[in-house]
file coords_0.cif (mmCIF, C-alpha atoms and all ligand atoms)
data_entry
loop_
_atom_site.label_atom_id
_atom_site.label_comp_id
_atom_site.auth_asym_id
_atom_site.auth_seq_id
_atom_site.Cartn_x
_atom_site.Cartn_y
_atom_site.Cartn_z
CA LYS A 10 77.93 36.90 -54.45
CA GLU A 11 74.94 39.15 -54.63
CA ASP A 12 71.59 38.02 -53.40
CA SER A 13 69.91 36.53 -56.46
CA ALA A 14 66.46 35.98 -55.03
CA SER A 15 64.57 38.97 -56.32
CA ASN A 16 61.54 39.89 -54.31
CA THR A 17 58.54 40.97 -56.37
CA SER A 18 55.88 41.03 -53.71
CA GLY A 19 57.44 43.57 -51.43
CA SER A 20 55.80 46.77 -52.58
CA SER A 21 53.21 48.03 -50.13
CA GLY A 22 50.89 49.06 -52.98
CA ASP A 23 49.73 45.54 -53.74
CA LYS A 24 49.21 44.41 -50.18
CA ALA A 25 45.50 43.75 -49.54
CA ILE A 26 43.78 46.27 -47.30
CA THR A 27 42.64 44.86 -43.98
CA LEU A 28 39.31 46.33 -42.96
CA GLY A 29 37.80 45.90 -39.51
CA PHE A 30 34.02 46.27 -39.66
CA SER A 31 31.82 46.40 -36.58
CA GLN A 32 28.16 45.86 -37.47
CA VAL A 33 25.21 46.88 -35.26
CA GLY A 34 23.53 43.47 -35.26
CA ALA A 35 20.98 41.53 -37.28
CA GLU A 36 17.87 43.33 -36.02
CA SER A 37 16.09 43.91 -39.34
CA GLY A 38 15.86 42.99 -43.01
CA TRP A 39 17.67 46.23 -43.75
CA ARG A 40 20.57 45.20 -41.55
CA THR A 41 21.03 41.75 -43.07
CA ALA A 42 20.97 43.27 -46.57
CA ASN A 43 23.57 45.79 -45.40
CA THR A 44 25.78 43.04 -43.96
CA ASP A 45 25.59 41.02 -47.18
CA SER A 46 26.43 44.12 -49.20
CA VAL A 47 29.49 44.91 -47.06
CA LYS A 48 30.79 41.32 -47.16
CA GLU A 49 30.29 40.97 -50.90
CA ALA A 50 31.86 44.32 -51.73
CA ALA A 51 34.88 43.64 -49.52
CA LYS A 52 35.41 40.34 -51.29
CA GLU A 53 35.06 41.97 -54.68
CA ALA A 54 37.57 44.65 -53.72
CA GLY A 55 40.01 41.98 -52.55
CA TYR A 56 40.18 43.27 -48.97
CA THR A 57 40.74 41.15 -45.91
CA LEU A 58 37.57 41.75 -43.90
CA LYS A 59 37.39 41.29 -40.16
CA PHE A 60 33.66 41.34 -39.44
CA SER A 61 32.08 41.53 -36.03
CA ASP A 62 28.35 41.54 -35.07
CA ALA A 63 27.58 43.56 -31.90
CA GLN A 64 24.05 42.28 -31.33
CA GLN A 65 22.80 45.83 -30.79
CA LYS A 66 25.12 46.38 -27.81
CA GLN A 67 27.50 49.31 -27.64
CA GLU A 68 29.93 47.53 -25.32
CA ASN A 69 30.32 44.77 -27.92
CA GLN A 70 31.11 47.35 -30.59
CA ILE A 71 33.68 49.03 -28.39
CA SER A 72 35.48 45.75 -27.72
CA ALA A 73 35.36 44.84 -31.42
CA ILE A 74 36.96 48.18 -32.31
CA ARG A 75 39.59 47.70 -29.59
CA SER A 76 40.43 44.32 -31.02
CA PHE A 77 40.75 45.82 -34.52
CA ILE A 78 43.14 48.38 -33.07
CA ALA A 79 45.16 45.65 -31.34
CA GLN A 80 45.37 43.76 -34.64
CA ASN A 81 46.55 46.95 -36.31
CA VAL A 82 44.06 46.80 -39.21
CA ASP A 83 44.47 49.36 -42.00
CA VAL A 84 41.04 50.95 -41.70
CA ILE A 85 38.17 50.61 -39.22
CA ALA A 86 34.56 51.03 -40.36
CA PHE A 87 31.54 50.77 -38.12
CA SER A 88 27.87 51.51 -37.88
CA PRO A 89 27.41 52.94 -34.39
CA VAL A 90 24.41 51.51 -32.56
CA VAL A 91 23.85 54.79 -30.65
CA VAL A 92 25.22 58.29 -31.23
CA THR A 93 27.04 59.01 -27.95
CA GLY A 94 29.89 57.43 -26.02
CA TRP A 95 32.53 56.83 -28.68
CA ASP A 96 35.22 59.41 -27.99
CA ALA A 97 37.49 57.23 -25.85
CA VAL A 98 37.75 54.33 -28.27
CA LEU A 99 38.02 56.63 -31.28
CA LYS A 100 40.91 58.41 -29.60
CA GLU A 101 42.65 55.06 -29.20
CA ALA A 102 42.29 54.44 -32.95
CA LYS A 103 43.60 57.91 -33.72
CA ALA A 104 46.61 57.39 -31.46
CA LYS A 105 47.51 54.31 -33.52
CA LYS A 106 46.87 56.30 -36.74
CA ILE A 107 44.08 53.96 -37.89
CA PRO A 108 41.50 55.93 -39.89
CA VAL A 109 37.84 55.41 -38.98
CA VAL A 110 34.98 55.55 -41.48
CA LEU A 111 31.41 55.66 -40.18
CA THR A 112 28.83 53.81 -42.17
CA ASP A 113 25.03 54.08 -42.03
CA ARG A 114 24.76 55.84 -38.64
CA SER A 115 26.49 58.93 -37.25
CA VAL A 116 28.05 59.75 -33.88
CA GLU A 117 28.07 62.85 -31.71
CA THR A 118 31.60 63.91 -30.89
CA SER A 119 33.30 67.08 -29.76
CA ASP A 120 36.38 66.20 -31.81
CA GLU A 121 35.67 66.15 -35.53
CA SER A 122 39.05 64.61 -36.29
CA LEU A 123 38.03 61.30 -34.69
CA TYR A 124 36.46 60.01 -37.89
CA VAL A 125 37.12 60.73 -41.54
CA THR A 126 33.69 60.49 -43.14
CA LEU A 127 30.18 59.07 -42.90
CA VAL A 128 28.75 56.96 -45.71
CA GLY A 129 24.99 56.87 -45.17
CA SER A 130 21.52 58.32 -45.50
CA ASP A 131 19.98 61.60 -44.41
CA PHE A 132 17.60 60.32 -41.72
CA THR A 133 16.12 63.72 -40.90
CA ASP A 134 15.09 64.02 -44.49
CA GLU A 135 13.60 60.53 -44.39
CA GLY A 136 11.43 61.69 -41.47
CA ARG A 137 10.30 64.71 -43.47
CA ARG A 138 9.59 62.53 -46.47
CA ALA A 139 7.53 60.19 -44.28
CA ALA A 140 5.34 63.12 -43.15
CA LYS A 141 5.00 64.37 -46.71
CA ILE A 142 4.00 60.96 -47.99
CA LEU A 143 1.50 60.62 -45.14
CA GLU A 144 -0.25 63.71 -46.53
CA LYS A 145 -0.71 61.85 -49.81
CA VAL A 146 -1.82 58.67 -48.06
CA LEU A 147 -4.49 60.56 -46.07
CA GLU A 148 -5.71 62.28 -49.18
CA LYS A 149 -5.90 59.03 -51.11
CA ALA A 150 -7.81 57.35 -48.29
CA GLY A 151 -10.23 60.29 -48.19
CA HIS A 152 -9.45 60.67 -44.51
CA LYS A 153 -11.50 63.29 -42.66
CA GLY A 154 -10.99 64.58 -39.13
CA ALA A 155 -8.24 64.26 -36.57
CA VAL A 156 -5.11 62.31 -37.41
CA LYS A 157 -4.08 60.33 -34.33
CA ILE A 158 -0.61 59.00 -34.88
CA ALA A 159 1.20 56.18 -33.14
CA GLN A 160 4.95 56.31 -33.64
CA LEU A 161 7.15 53.22 -33.38
CA GLU A 162 10.62 54.56 -32.79
CA GLY A 163 13.87 52.83 -33.64
CA THR A 164 16.53 51.94 -31.08
CA THR A 165 16.70 54.59 -28.36
CA GLY A 166 19.67 56.89 -28.90
CA ALA A 167 20.35 55.67 -32.46
CA ALA A 168 20.80 58.30 -35.16
CA PRO A 169 17.98 57.02 -37.39
CA ALA A 170 15.53 56.98 -34.46
CA ILE A 171 16.42 60.50 -33.29
CA GLU A 172 16.54 62.04 -36.75
CA ARG A 173 13.52 60.33 -38.31
CA ALA A 174 11.39 61.51 -35.38
CA LYS A 175 12.84 65.00 -35.72
CA GLY A 176 12.21 65.32 -39.47
CA PHE A 177 8.66 64.03 -39.14
CA LYS A 178 7.88 66.42 -36.30
CA GLU A 179 9.35 69.32 -38.21
CA VAL A 180 6.80 68.93 -41.03
CA MET A 181 4.03 68.22 -38.54
CA ASP A 182 4.73 71.37 -36.52
CA ALA A 183 5.01 73.50 -39.64
CA ASP A 184 2.00 72.27 -41.58
CA HIS A 185 -0.27 70.21 -39.35
CA LYS A 186 -0.32 71.84 -35.94
CA ASP A 187 -4.09 71.54 -35.64
CA ASP A 188 -4.99 68.36 -37.45
CA TRP A 189 -2.18 65.87 -36.62
CA LYS A 190 -1.13 64.62 -33.22
CA ILE A 191 1.32 61.95 -32.10
CA VAL A 192 -0.75 60.34 -29.36
CA VAL A 193 1.74 57.58 -28.46
CA SER A 194 5.40 57.06 -29.21
CA GLN A 195 7.74 54.37 -27.99
CA THR A 196 10.71 52.33 -29.14
CA GLY A 197 10.28 48.95 -30.80
CA ASP A 198 14.07 48.62 -31.18
CA PHE A 199 13.82 48.25 -34.98
CA THR A 200 12.64 44.63 -34.60
CA ARG A 201 9.46 42.79 -35.60
CA ALA A 202 8.96 41.43 -32.10
CA GLY A 203 9.35 44.94 -30.69
CA GLY A 204 6.88 46.41 -33.18
CA LYS A 205 4.34 43.72 -32.44
CA GLN A 206 4.55 44.04 -28.69
CA VAL A 207 4.53 47.83 -28.52
CA MET A 208 1.69 48.15 -31.04
CA ALA A 209 -0.45 45.77 -28.98
CA ALA A 210 0.07 48.04 -25.96
CA PHE A 211 -0.67 51.15 -28.04
CA LEU A 212 -3.97 49.68 -29.23
CA GLU A 213 -5.01 48.98 -25.67
CA SER A 214 -4.18 52.41 -24.33
CA ASN A 215 -5.28 54.33 -27.45
CA PRO A 216 -7.84 52.36 -29.46
CA ASP A 217 -8.62 55.43 -31.58
CA ILE A 218 -5.21 55.54 -33.31
CA ASN A 219 -5.73 55.89 -37.07
CA VAL A 220 -2.17 56.28 -38.34
CA LEU A 221 1.05 54.39 -37.63
CA PHE A 222 4.42 55.89 -38.43
CA ALA A 223 7.04 53.15 -38.00
CA HIS A 224 10.73 54.01 -38.18
CA ASN A 225 11.34 50.80 -40.14
CA ASP A 226 9.46 48.15 -42.12
CA ASP A 227 10.18 45.35 -39.67
CA MET A 228 8.41 47.15 -36.81
CA ALA A 229 5.49 47.93 -39.15
CA ILE A 230 5.26 44.25 -40.06
CA GLY A 231 5.25 43.27 -36.39
CA ALA A 232 2.62 45.94 -35.68
CA ILE A 233 0.41 44.63 -38.50
CA GLN A 234 0.09 41.34 -36.60
CA SER A 235 -1.16 43.16 -33.50
CA ILE A 236 -3.53 45.34 -35.52
CA GLU A 237 -5.06 42.25 -37.12
CA ALA A 238 -5.23 40.48 -33.77
CA ALA A 239 -7.23 43.45 -32.47
CA GLY A 240 -9.73 42.91 -35.30
CA LYS A 241 -8.66 45.96 -37.31
CA LYS A 242 -7.53 46.29 -40.90
CA PRO A 243 -3.95 47.53 -41.39
CA GLY A 244 -3.78 49.95 -44.33
CA LYS A 245 -7.49 50.85 -43.90
CA ASP A 246 -8.54 51.35 -40.25
CA ILE A 247 -4.97 52.26 -39.46
CA LEU A 248 -2.98 53.86 -42.26
CA ILE A 249 0.70 52.87 -42.17
CA VAL A 250 3.82 54.66 -43.34
CA SER A 251 7.25 53.12 -42.73
CA ILE A 252 10.88 53.52 -43.73
CA ASP A 253 13.42 51.17 -45.40
CA GLY A 254 11.81 49.46 -48.38
CA VAL A 255 12.92 45.88 -47.76
CA LYS A 256 11.26 43.10 -49.73
CA ASP A 257 8.86 42.09 -46.93
CA GLY A 258 7.81 45.74 -46.64
CA PHE A 259 6.95 45.74 -50.32
CA VAL A 260 5.07 42.46 -49.90
CA ALA A 261 2.95 44.02 -47.10
CA MET A 262 2.43 47.09 -49.27
CA SER A 263 1.31 45.01 -52.26
CA GLU A 264 -1.20 43.29 -49.94
CA GLY A 265 -2.59 46.71 -49.02
CA LYS A 266 -1.35 46.56 -45.42
CA ILE A 267 1.30 49.28 -45.62
CA ASN A 268 0.27 52.46 -47.43
CA ALA A 269 3.63 54.01 -48.27
CA ILE A 270 7.33 53.42 -47.74
CA VAL A 271 10.19 55.88 -47.67
CA GLU A 272 13.27 54.15 -49.00
CA CYS A 273 16.52 53.88 -47.07
CA ASN A 274 19.14 52.09 -49.10
CA PRO A 275 21.16 49.40 -47.24
CA LEU A 276 23.45 48.53 -50.17
CA LEU A 277 26.34 50.64 -48.93
CA GLY A 278 29.10 48.08 -49.50
CA PRO A 279 30.49 49.23 -52.86
CA GLN A 280 30.53 52.91 -51.85
CA LEU A 281 32.14 52.03 -48.54
CA MET A 282 34.95 50.02 -50.17
CA GLU A 283 35.72 52.90 -52.52
CA VAL A 284 35.98 55.30 -49.61
CA VAL A 285 38.11 52.88 -47.60
CA LYS A 286 40.59 52.69 -50.46
CA LYS A 287 40.78 56.48 -50.78
CA VAL A 288 41.22 56.93 -47.05
CA HIS A 289 43.88 54.23 -46.99
CA ASP A 290 45.71 55.94 -49.84
CA GLY A 291 45.57 59.26 -48.00
CA GLU A 292 43.23 60.91 -50.50
CA SER A 293 40.75 63.44 -49.22
CA VAL A 294 37.05 62.51 -49.14
CA GLU A 295 33.84 64.39 -48.42
CA ARG A 296 32.72 64.57 -44.81
CA TRP A 297 29.33 62.98 -45.57
CA ILE A 298 28.72 60.71 -48.54
CA LYS A 299 24.96 60.46 -48.90
CA THR A 300 22.98 57.54 -50.25
CA LYS A 301 20.43 57.98 -53.03
CA GLU A 302 16.88 56.78 -52.40
CA GLY A 303 13.20 57.14 -53.39
CA ASP A 304 9.61 57.06 -52.04
CA PHE A 305 6.93 54.52 -52.89
CA MET A 306 3.11 54.53 -52.70
CA GLN A 307 0.92 51.41 -52.56
CA ASP A 308 0.06 51.49 -56.26
CA GLN A 309 3.75 51.15 -57.13
CA ALA A 310 4.32 48.14 -54.88
CA GLU A 311 3.55 45.37 -57.33
CA ALA A 312 5.70 46.81 -60.09
CA GLU A 313 8.63 47.45 -57.75
CA LEU A 314 8.48 44.11 -55.88
CA PRO A 315 10.46 42.06 -58.45
CA ASN A 316 13.26 44.65 -58.28
CA ARG A 317 13.74 44.22 -54.55
CA LYS A 318 16.79 42.05 -54.01
CA TYR A 319 16.72 42.25 -50.23
O1 LIG A 401 16.29 51.70 -40.95
C1 LIG A 401 16.64 49.78 -39.62
C2 LIG A 401 17.88 49.19 -39.08
O2 LIG A 401 20.41 52.41 -39.37
C3 LIG A 401 19.25 52.95 -41.34
O3 LIG A 401 18.70 50.31 -38.81
C4 LIG A 401 19.53 51.92 -40.32
C5 LIG A 401 18.30 51.37 -39.63
C6 LIG A 401 17.24 50.79 -40.52
O4 LIG A 401 17.71 48.36 -38.05
O5 LIG A 401 15.84 48.82 -40.25
#

call {"tool": "encode", "arguments": {"input": "coords_0.cif", "output": "structure tokens"}}
result
Amino acid sequence: KEDSASNTSGSSGDKAITLGFSQVGAESGWRTANTDSVKEAAKEAGYTLKFSDAQQKQENQISAIRSFIAQNVDVIAFSPVVVTGWDAVLKEAKAKKIPVVLTDRSVETSDESLYVTLVGSDFTDEGRRAAKILEKVLEKAGHKGAVKIAQLEGTTGAAPAIERAKGFKEVMDADHKDDWKIVVSQTGDFTRAGGKQVMAAFLESNPDINVLFAHNDDMAIGAIQSIEAAGKKPGKDILIVSIDGVKDGFVAMSEGKINAIVECNPLLGPQLMEVVKKVHDGESVERWIKTKEGDFMQDQAEAELPNRKY
């Protein structure tokens, strides 16, 4: 007698994709919006998501990726906390033929074959846009004289910190050699607490700062507390430009405390899931899939605020 039990669920095509995702941490409003977006989109796509939070530590990300490899997931995606130091673990993934998709942040590697693509923003351009929008902010404020800039950098060694600083400096060196100067620059680790603490120190060592360029909104919001504690008016005595465009950034902007924000879109989930599917199916994808974003001045804050979902 022939086997009568027909098996309908055997085809590999309808097996859910298992995605291992190693997140940087929960350091900012941007990051939590990004995490929500990834989780929601994975659910929508019907993937099995293995999610791991590295709390801003590279060693945690490396062990998360190793555990994804051991579990033989279909695809690994991660947002690398810093740019260097990934080759060994990425080689392990390659040896097991597990494709790796970078999301949000890039890595530096000598072997291009160690990851398939990056889904994320152009941070160098965000830095340039921040400098360009600062020109407008200065003009609007009727600012005369030297521009003494304090820079709050993101996490040391992270792509957005390196590249935002680079893009900003590029415009500064080209167009503002004589009138702008970064008088202090230090990391605030992309957190509010970091921004607050470092800004307080900046104000003590350099009380004549009149511009703050913060690599993200959260650090700007932390810095605002220190500026106010020092008896100064954020957005007036110290003009502030930051990057991200999270809801609390827009709130501070609508209160006149941040002058302009360069948007960096955290809602990468849907795009990421699409790419994961293509990679899983062996389709070719572009090497860098860029996110679309805009710039906002203070007078647009109130109108834009209700649109901010994160
Ligand atoms: O700007 C910051 C977050 O990598 C683009 O990381 C991301 C940055 C974002 O902590 O708020």

call {"tool": "residues_around", "arguments": {"input": "coords_0.cif", "residues": "A:Ser130", "least_positions_apart": "3", "cutoff": "10 Å", "atoms": "only C-alpha atoms", "output": "list in words"}}
result
Thr112, Asp113, Arg114, Ser115, Leu127, Thr133, Asp134, Glu135, Pro169, Glu272, Cys273, Asn274, Pro275, Leu277, Trp297, Ile298, Lys299, Thr300, Lys301 and Glu302 of chain A

call {"tool": "residues_near_ligand", "arguments": {"input": "coords_0.cif", "ligand": "ligand LIG 401 (chain A)", "cutoff": "7 Å", "atoms": "all atoms listed in the file", "output": "ChimeraX atom specification"}}
result
/A:36-40,113-114,169,199,224-227,252-253,273

call {"tool": "closest_residue", "arguments": {"input": "coords_0.cif", "among": "A:Val180, A:Ala79, A:Ala97, A:Leu111", "to": "A:Gly129", "atoms": "all atoms listed in the file"}}
result
A:Leu111

call {"tool": "residues_around", "arguments": {"input": "coords_0.cif", "residues": "stretch 53-61 of chain A", "least_positions_apart": "3", "cutoff": "7 Å", "atoms": "only C-alpha atoms", "output": "list in words"}}
result
Ala25, Ile26, Thr27, Leu28, Gly29, Phe30, Ser31, Gln32, Glu49, Ala50, Ala73 and Met282 of chain A

call {"tool": "closest_atom_pairs", "arguments": {"input": "coords_0.cif", "of": "stretch 254-281 of chain A", "to": "stretch 230-241 of chain A", "cutoff": "12 Å", "atoms": "only C-alpha atoms", "output": "Markdown table"}}
result
| residue | atom | partner | partner_atom | distance |
| --- | --- | --- | --- | --- |
| A:Gly254 | CA | A:Ile230 | CA | 11.8 |
| A:Val255 | CA | A:Ile230 | CA | 11.0 |
| A:Lys256 | CA | A:Ile230 | CA | 11.4 |
| A:Asp257 | CA | A:Ile230 | CA | 8.1 |
| A:Gly258 | CA | A:Ile230 | CA | 7.2 |
| A:Phe259 | CA | A:Ile230 | CA | 10.5 |
| A:Val260 | CA | A:Ile230 | CA | 10.0 |
| A:Ala261 | CA | A:Ile230 | CA | 7.4 |
| A:Met262 | CA | A:Ile230 | CA | 10.0 |
| A:Glu264 | CA | A:Ile233 | CA | 11.6 |
| A:Gly265 | CA | A:Ile233 | CA | 11.1 |
| A:Lys266 | CA | A:Ile233 | CA | 7.4 |
| A:Ile267 | CA | A:Ile230 | CA | 8.5 |
| A:Asn268 | CA | A:Ile233 | CA | 11.9 |

call {"tool": "atom_distance", "arguments": {"input": "coords_0.cif", "atom1": "atom CA of A:Gly176", "atom2": "atom CA of A:Arg137"}}
result
4.5 Å

call {"tool": "residues_around", "arguments": {"input": "coords_0.cif", "residues": "A:Gly151", "least_positions_apart": "6", "cutoff": "12 Å", "atoms": "all atoms listed in the file", "output": "NGL selection string"}}
result
:A and (144-145 or 245 or 248)

call {"tool": "write_last_selection", "arguments": {"input": "coords_0.cif", "atoms": "C-alpha atoms", "output": "PDB file, in the coordinates of the input"}}
result
ATOM      1  CA  GLU A 144      -0.250  63.710 -46.530  1.00  0.00           C
ATOM      2  CA  LYS A 145      -0.710  61.850 -49.810  1.00  0.00           C
ATOM      3  CA  LYS A 245      -7.490  50.850 -43.900  1.00  0.00           C
ATOM      4  CA  LEU A 248      -2.980  53.860 -42.260  1.00  0.00           C
TER       5      LEU A 248
END

call {"tool": "atom_distance", "arguments": {"input": "coords_0.cif", "atom1": "atom CA of A:Thr165", "atom2": "atom CA of A:Gly203"}}
result
12.4 Å

call {"tool": "atom_distance", "arguments": {"input": "coords_0.cif", "atom1": "atom CA of A:Asp246", "atom2": "atom CA of A:Asp188"}}
result
17.6 Å

call {"tool": "closest_residue", "arguments": {"input": "coords_0.cif", "among": "A:Glu213, A:Glu179, A:Asp184, A:Glu117", "to": "A:Gly166", "atoms": "all atoms listed in the file"}}
result
A:Glu117

call {"tool": "residues_near_point", "arguments": {"input": "coords_0.cif", "point": "(38.6, 57.4, -39.1)", "cutoff": "6 Å", "atoms": "only C-alpha atoms", "output": "CSV table (one decimal) with C-alpha atoms, keeping the file's coordinate frame"}}
result
chain,number,residue,atom,x,y,z
A,108,PRO,CA,41.5,55.9,-39.9
A,109,VAL,CA,37.8,55.4,-39.0
A,110,VAL,CA,35.0,55.6,-41.5
A,123,LEU,CA,38.0,61.3,-34.7
A,124,TYR,CA,36.5,60.0,-37.9
A,125,VAL,CA,37.1,60.7,-41.5

call {"tool": "axis_aligned_box", "arguments": {"input": "coords_0.cif", "around": "stretch 104-109 of chain A", "padding_each_side": "6 Å", "output": "JSON"}}
result
{"center_x": 42.7, "center_y": 55.7, "center_z": -35.7, "size_x": 21.7, "size_y": 15.4, "size_z": 20.4}

call {"tool": "closest_residue", "arguments": {"input": "coords_0.cif", "among": "A:Thr118, A:Gln160, A:Gln307, A:Thr93", "to": "A:Arg173", "atoms": "all atoms listed in the file"}}
result
A:Gln160

call {"tool": "closest_residue", "arguments": {"input": "coords_0.cif", "among": "A:Ala155, A:Ala223, A:Val285, A:Ile171", "to": "A:Ile107", "atoms": "all atoms listed in the file"}}
result
A:Val285

call {"tool": "residues_around", "arguments": {"input": "coords_0.cif", "residues": "A:Val207", "least_positions_apart": "6", "cutoff": "8 Å", "atoms": "all atoms listed in the file", "output": "ChimeraX atom specification"}}
result
/A:161,195-197,232
